[in-house]
Amino acid sequence: MSDVHDNDGGHHHGRPASQIELRARALEALLVEKGLVSTDAIDAVIALYENDVGPQNGAKVVARAWVDPAYRERLLADGAAAIAELGFGGAEGNTMVVVPNEPGVHNAVVCTLCSCYPWPVLGLPPSWYKSAPYRARMVSEPRAVLREFGLELPAKTTIRVWDSTAEVRYLVLPERPSETEGWDEKALAAIVTRDAMIGVAVPVPEQTPA
Amino acid sequence: MPALRTRGGRVVERVQGADRLPDRAEYGLPTEPQPVYAVAFFSQDLWGESDEPPWTVLLDLFDTYLEPA
């Protein structure tokens with residue numbers, strides 16, 4: 001299997017439910033029937049992560065680190081504490097390690113065991129992040145995976161793949177593109193994508209802000 | 001991860017703090033927090049020679065999982 005990112009997120013209306021979807025529905029029905037969870041609770045969690053919590057949070061963290069060297073230092077020293085300064089935190093974000101890209105060093109994040117992911121700053125993981133091919137190939141052939149995402153790194157760049165095998169959740173701090181000199185935090189945050197914070201892309205300034 | 005673990009990490013990069021071992025905690029068994037280390041594995045050790053330039057894989061490993069070098 002070569003392509004790991006063609007089945008990205010979102011709902012797929014108008015086609016038959018997959019085995020996994022059927023299994024999830026059956027489990028949900030059973031949990032509700034037994035009174036272990038309410039559909040309202042499930043809907044509230046989904047709404048929270050669909051509407052309020054997502055990569056826009058992480059983008060604000062990255063933009064702040066780009067404009068404020070003291071904040072960057074705090075972020076690298078204690079990720080969760082510095083992220084909490086911006087009001088973000090909670091489940092799957094209690095122990096955060098922020099790994100900075102530097103000239104010649106590129107970081108990327110995977111969870112080979114399952115789908116561990118820093119929810120408070122990135123929201124819920126995209127489906128490709130949870131797929132077996134990404135989880136296996138990101139550690140065994142990261143350059144090939146990054147190439148499929150459109151990221152061709154120089155041969156001399158060191159790739160560091162962080163596997164979230166315990167309670168630590170990782171966020172990649174991308175390098176600030178040199179073309180963005182003078183941009184404000186809001187404009188900077190707009191170019192920081194989810195994929196850049198997972199480490200399968202780098203920020204690309206598409207236009208200069210007015 | 002089990003396949004990687006048998007082939008020997010080389011460098012402890014950082015101490016990540018302490019956590020309860022999920023192998024026991026998830027089953028409600030008593031467990032004291034123990035150190036977790038980010039251990040760097042080199043691609044040549046894990047997968048042998050590759051056509052690609054070498055890379056590093058870092059795993060967060062509980063103290064229990066490690067043996068003295």
# chains A, B, ... in the order shown; residues from 1 in each chain; ligands from 1
>>> residues_around(residues="Asp23 in chain B", least_positions_apart="4", cutoff="12 Å", atoms="only C-alpha atoms", output="list in words")
Ala166 of chain A; Asp19, Tyr27, Gly28, Leu29, Pro30, Thr31, Phe62, Thr64 and Tyr65 of chain B
>>> write_last_selection(atoms="N, CA and C atoms", output="compact mmCIF listing (two decimals), in the first residue's frame")
# COMPACT_ATOMS: atom_id res chain seq x y z
N ALA A 166 3.99 6.46 25.08
CA ALA A 166 3.59 6.53 26.50
C ALA A 166 2.58 7.66 26.67
N ASP B 19 5.27 8.22 35.01
CA ASP B 19 3.87 7.83 34.81
C ASP B 19 3.68 6.41 35.31
N TYR B 27 -5.48 -2.09 34.20
CA TYR B 27 -6.26 -3.18 34.80
C TYR B 27 -6.55 -2.92 36.27
N GLY B 28 -6.25 -1.69 36.73
CA GLY B 28 -6.55 -1.33 38.11
C GLY B 28 -5.60 -1.97 39.11
N LEU B 29 -4.47 -2.47 38.63
CA LEU B 29 -3.50 -3.09 39.53
C LEU B 29 -2.63 -2.00 40.16
N PRO B 30 -2.16 -2.23 41.39
CA PRO B 30 -1.33 -1.21 42.03
C PRO B 30 -0.04 -0.99 41.24
N THR B 31 0.31 0.26 41.06
CA THR B 31 1.53 0.58 40.33
C THR B 31 2.03 1.96 40.73
N PHE B 62 9.03 3.10 29.29
CA PHE B 62 8.99 3.04 30.75
C PHE B 62 10.25 2.35 31.27
N THR B 64 10.71 0.07 33.33
CA THR B 64 10.56 -1.39 33.34
C THR B 64 11.03 -2.05 32.04
N TYR B 65 10.86 -1.31 30.93
CA TYR B 65 11.16 -1.90 29.63
C TYR B 65 12.66 -1.96 29.33
>>> interface_residues(of="chain B", to="chain A", cutoff="9 Å", atoms="only C-alpha atoms", output="tab-separated table (two decimals) with C-alpha atoms, in the first residue's frame")
chain	number	residue	atom	x	y	z
B	1	MET	CA	6.72	-1.32	18.88
B	16	GLN	CA	9.91	12.58	30.12
B	17	GLY	CA	8.78	12.53	33.73
B	19	ASP	CA	3.87	7.83	34.81
B	21	LEU	CA	2.83	1.68	33.82
B	22	PRO	CA	-0.28	1.22	31.66
B	36	VAL	CA	9.76	7.36	31.20
B	38	ALA	CA	12.74	9.03	25.19
B	40	ALA	CA	16.66	7.09	20.29
B	43	SER	CA	17.45	3.37	11.46
B	46	LEU	CA	16.22	-1.18	13.28
B	47	TRP	CA	15.95	-1.90	9.59
B	50	SER	CA	18.54	1.58	3.32
B	52	GLU	CA	17.62	6.49	2.00
B	53	PRO	CA	19.85	8.56	4.31
B	54	PRO	CA	19.63	7.34	7.95
B	55	TRP	CA	16.98	8.63	10.36
B	56	THR	CA	16.19	8.38	14.05
B	57	VAL	CA	13.12	6.91	15.74
B	58	LEU	CA	12.45	7.99	19.31
B	59	LEU	CA	10.26	5.86	21.59
B	60	ASP	CA	8.94	6.78	25.02
B	61	LEU	CA	9.86	3.79	27.15
B	62	PHE	CA	8.99	3.04	30.75
>>> residues_around(residues="Thr193 in chain A", least_positions_apart="5", cutoff="8 Å", atoms="only C-alpha atoms", output="PyMOL selection string")
chain A and resi 55+59+203
>>> write_last_selection(atoms="N, CA and C atoms", output="mmCIF file, in the first residue's frame")
data_model
loop_
_atom_site.group_PDB
_atom_site.id
_atom_site.type_symbol
_atom_site.label_atom_id
_atom_site.label_comp_id
_atom_site.auth_asym_id
_atom_site.auth_seq_id
_atom_site.Cartn_x
_atom_site.Cartn_y
_atom_site.Cartn_z
ATOM 1 N N PRO A 55 -6.709 22.347 15.031
ATOM 2 C CA PRO A 55 -5.340 22.816 14.773
ATOM 3 C C PRO A 55 -5.170 24.332 14.835
ATOM 4 N N ALA A 59 -1.825 26.334 15.976
ATOM 5 C CA ALA A 59 -1.267 27.384 15.114
ATOM 6 C C ALA A 59 -1.001 28.657 15.911
ATOM 7 N N PRO A 203 5.260 24.880 6.790
ATOM 8 C CA PRO A 203 4.417 26.028 6.439
ATOM 9 C C PRO A 203 4.912 26.693 5.160
#
>>> select_by_dssp(residues="chain B", states="strand (DSSP E)", output="list of chain:residue names")
B:Val11, B:Val12, B:Glu13, B:Arg14, B:Val15, B:Gln16, B:Gly17, B:Ala18, B:Asp19, B:Gln34, B:Pro35, B:Val36, B:Tyr37, B:Ala38, B:Val39, B:Ala40, B:Phe41, B:Phe42, B:Thr56, B:Val57, B:Leu58, B:Leu59, B:Asp60, B:Leu61, B:Phe62
>>> residues_around(residues="range 79-90 of chain A", least_positions_apart="3", cutoff="10 Å", atoms="only C-alpha atoms", output="list in words")
Val53, Asn57, Gly58, Lys60, Val61, Val62, Arg64, Ala65, Tyr71, Arg72, Glu73, Arg74, Leu75, Leu76, Gly93, Asn94, Thr95, Met96, Val97, Val98, Val99, Pro118, Trp119, Pro120, Val121, Arg169, Tyr170 and Leu171 of chain A
>>> closest_residue(among="A:Leu153, A:Ala63, A:Ala189, A:Leu124", to="Tyr49 in chain A", atoms="only C-alpha atoms")
A:Leu124
>>> select_by_dssp(residues="range 7-198 of chain A", states="alpha helix (DSSP H)", output="number ranges by chain")
A: 19-33, 39-47, 55-67, 69-77, 79-85, 119-122, 127-130, 132-140, 142-148, 185-190, 194-198
>>> write_last_selection(atoms="C-alpha atoms", output="PDB file, in the first residue's frame")
ATOM      1  CA  GLN A  19     -17.097  -2.523   8.843  1.00  0.00           C
ATOM      2  CA  ILE A  20     -15.471  -0.131  11.319  1.00  0.00           C
ATOM      3  CA  GLU A  21     -18.406   2.285  11.136  1.00  0.00           C
ATOM      4  CA  LEU A  22     -20.868  -0.534  11.662  1.00  0.00           C
ATOM      5  CA  ARG A  23     -18.871  -1.766  14.622  1.00  0.00           C
ATOM      6  CA  ALA A  24     -18.699   1.746  16.107  1.00  0.00           C
ATOM      7  CA  ARG A  25     -22.458   2.172  15.688  1.00  0.00           C
ATOM      8  CA  ALA A  26     -23.142  -1.187  17.330  1.00  0.00           C
ATOM      9  CA  LEU A  27     -20.881  -0.317  20.267  1.00  0.00           C
ATOM     10  CA  GLU A  28     -22.496   3.097  20.678  1.00  0.00           C
ATOM     11  CA  ALA A  29     -25.966   1.562  20.630  1.00  0.00           C
ATOM     12  CA  LEU A  30     -24.936  -0.993  23.232  1.00  0.00           C
ATOM     13  CA  LEU A  31     -23.338   1.594  25.548  1.00  0.00           C
ATOM     14  CA  VAL A  32     -26.415   3.801  25.313  1.00  0.00           C
ATOM     15  CA  GLU A  33     -28.748   0.866  25.886  1.00  0.00           C
ATOM     16  CA  THR A  39     -26.003  10.171  23.056  1.00  0.00           C
ATOM     17  CA  ASP A  40     -26.017  13.789  24.290  1.00  0.00           C
ATOM     18  CA  ALA A  41     -22.568  13.265  25.815  1.00  0.00           C
ATOM     19  CA  ILE A  42     -21.246  11.759  22.591  1.00  0.00           C
ATOM     20  CA  ASP A  43     -22.733  14.587  20.536  1.00  0.00           C
ATOM     21  CA  ALA A  44     -21.245  17.186  22.893  1.00  0.00           C
ATOM     22  CA  VAL A  45     -17.747  15.714  22.583  1.00  0.00           C
ATOM     23  CA  ILE A  46     -18.027  15.537  18.796  1.00  0.00           C
ATOM     24  CA  ALA A  47     -19.301  19.121  18.596  1.00  0.00           C
ATOM     25  CA  PRO A  55      -5.340  22.816  14.773  1.00  0.00           C
ATOM     26  CA  GLN A  56      -6.151  26.526  14.951  1.00  0.00           C
ATOM     27  CA  ASN A  57      -5.158  26.238  18.629  1.00  0.00           C
ATOM     28  CA  GLY A  58      -1.776  24.768  17.827  1.00  0.00           C
ATOM     29  CA  ALA A  59      -1.267  27.384  15.114  1.00  0.00           C
ATOM     30  CA  LYS A  60      -1.663  30.137  17.720  1.00  0.00           C
ATOM     31  CA  VAL A  61       0.938  28.436  19.907  1.00  0.00           C
ATOM     32  CA  VAL A  62       3.386  28.193  17.010  1.00  0.00           C
ATOM     33  CA  ALA A  63       2.815  31.798  15.921  1.00  0.00           C
ATOM     34  CA  ARG A  64       3.410  33.032  19.467  1.00  0.00           C
ATOM     35  CA  ALA A  65       6.644  31.043  19.675  1.00  0.00           C
ATOM     36  CA  TRP A  66       7.773  32.580  16.382  1.00  0.00           C
ATOM     37  CA  VAL A  67       7.311  36.176  17.554  1.00  0.00           C
ATOM     38  CA  PRO A  69      11.595  34.174  22.008  1.00  0.00           C
ATOM     39  CA  ALA A  70      10.847  34.015  25.743  1.00  0.00           C
ATOM     40  CA  TYR A  71       7.596  32.169  25.027  1.00  0.00           C
ATOM     41  CA  ARG A  72       9.424  29.779  22.698  1.00  0.00           C
ATOM     42  CA  GLU A  73      11.869  29.024  25.497  1.00  0.00           C
ATOM     43  CA  ARG A  74       9.041  28.287  27.938  1.00  0.00           C
ATOM     44  CA  LEU A  75       7.263  26.188  25.304  1.00  0.00           C
ATOM     45  CA  LEU A  76      10.297  23.986  24.734  1.00  0.00           C
ATOM     46  CA  ALA A  77      10.966  23.682  28.479  1.00  0.00           C
ATOM     47  CA  GLY A  79       4.999  22.398  26.630  1.00  0.00           C
ATOM     48  CA  ALA A  80       1.785  21.893  28.602  1.00  0.00           C
ATOM     49  CA  ALA A  81       2.429  24.925  30.855  1.00  0.00           C
ATOM     50  CA  ALA A  82       3.230  27.239  27.943  1.00  0.00           C
ATOM     51  CA  ILE A  83       0.242  25.972  25.943  1.00  0.00           C
ATOM     52  CA  ALA A  84      -1.974  26.584  28.984  1.00  0.00           C
ATOM     53  CA  GLU A  85      -0.847  30.240  28.905  1.00  0.00           C
ATOM     54  CA  TRP A 119      -6.062  16.876  21.230  1.00  0.00           C
ATOM     55  CA  PRO A 120      -6.009  20.316  22.899  1.00  0.00           C
ATOM     56  CA  VAL A 121      -3.767  21.799  20.200  1.00  0.00           C
ATOM     57  CA  LEU A 122      -4.654  19.741  17.122  1.00  0.00           C
ATOM     58  CA  SER A 127      -7.932   9.175   9.589  1.00  0.00           C
ATOM     59  CA  TRP A 128      -4.593   8.718   7.797  1.00  0.00           C
ATOM     60  CA  TYR A 129      -2.791   9.306  11.112  1.00  0.00           C
ATOM     61  CA  LYS A 130      -4.641   6.306  12.540  1.00  0.00           C
ATOM     62  CA  ALA A 132      -1.785   1.088   9.717  1.00  0.00           C
ATOM     63  CA  PRO A 133       0.306   2.155   6.693  1.00  0.00           C
ATOM     64  CA  TYR A 134       1.147   5.567   8.185  1.00  0.00           C
ATOM     65  CA  ARG A 135       1.929   4.070  11.581  1.00  0.00           C
ATOM     66  CA  ALA A 136       4.195   1.400  10.133  1.00  0.00           C
ATOM     67  CA  ARG A 137       5.844   3.334   7.356  1.00  0.00           C
ATOM     68  CA  MET A 138       6.531   6.567   9.265  1.00  0.00           C
ATOM     69  CA  VAL A 139       9.110   4.708  11.338  1.00  0.00           C
ATOM     70  CA  SER A 140      10.380   2.324   8.645  1.00  0.00           C
ATOM     71  CA  PRO A 142       9.811   8.237   6.737  1.00  0.00           C
ATOM     72  CA  ARG A 143      11.371   9.901   3.713  1.00  0.00           C
ATOM     73  CA  ALA A 144       9.095   7.984   1.366  1.00  0.00           C
ATOM     74  CA  VAL A 145       6.029   8.904   3.456  1.00  0.00           C
ATOM     75  CA  LEU A 146       7.018  12.567   3.582  1.00  0.00           C
ATOM     76  CA  ARG A 147       7.551  12.517  -0.184  1.00  0.00           C
ATOM     77  CA  GLU A 148       3.977  11.253  -0.632  1.00  0.00           C
ATOM     78  CA  GLU A 185       0.755  36.679  14.918  1.00  0.00           C
ATOM     79  CA  LYS A 186      -2.632  36.305  13.257  1.00  0.00           C
ATOM     80  CA  ALA A 187      -1.164  36.217   9.759  1.00  0.00           C
ATOM     81  CA  LEU A 188       1.522  33.810  10.900  1.00  0.00           C
ATOM     82  CA  ALA A 189      -0.991  31.461  12.550  1.00  0.00           C
ATOM     83  CA  ALA A 190      -2.926  31.302   9.265  1.00  0.00           C
ATOM     84  CA  ARG A 194      -2.186  20.707  11.073  1.00  0.00           C
ATOM     85  CA  ASP A 195       0.162  18.686   8.880  1.00  0.00           C
ATOM     86  CA  ALA A 196       3.044  21.057   9.622  1.00  0.00           C
ATOM     87  CA  MET A 197       2.517  20.487  13.350  1.00  0.00           C
ATOM     88  CA  ILE A 198       2.483  16.689  12.848  1.00  0.00           C
TER      89      ILE A 198
END
>>> atom_distance(atom1="CA of Ala25 in chain B", atom2="CA of Val12 in chain B")
24.3 Å
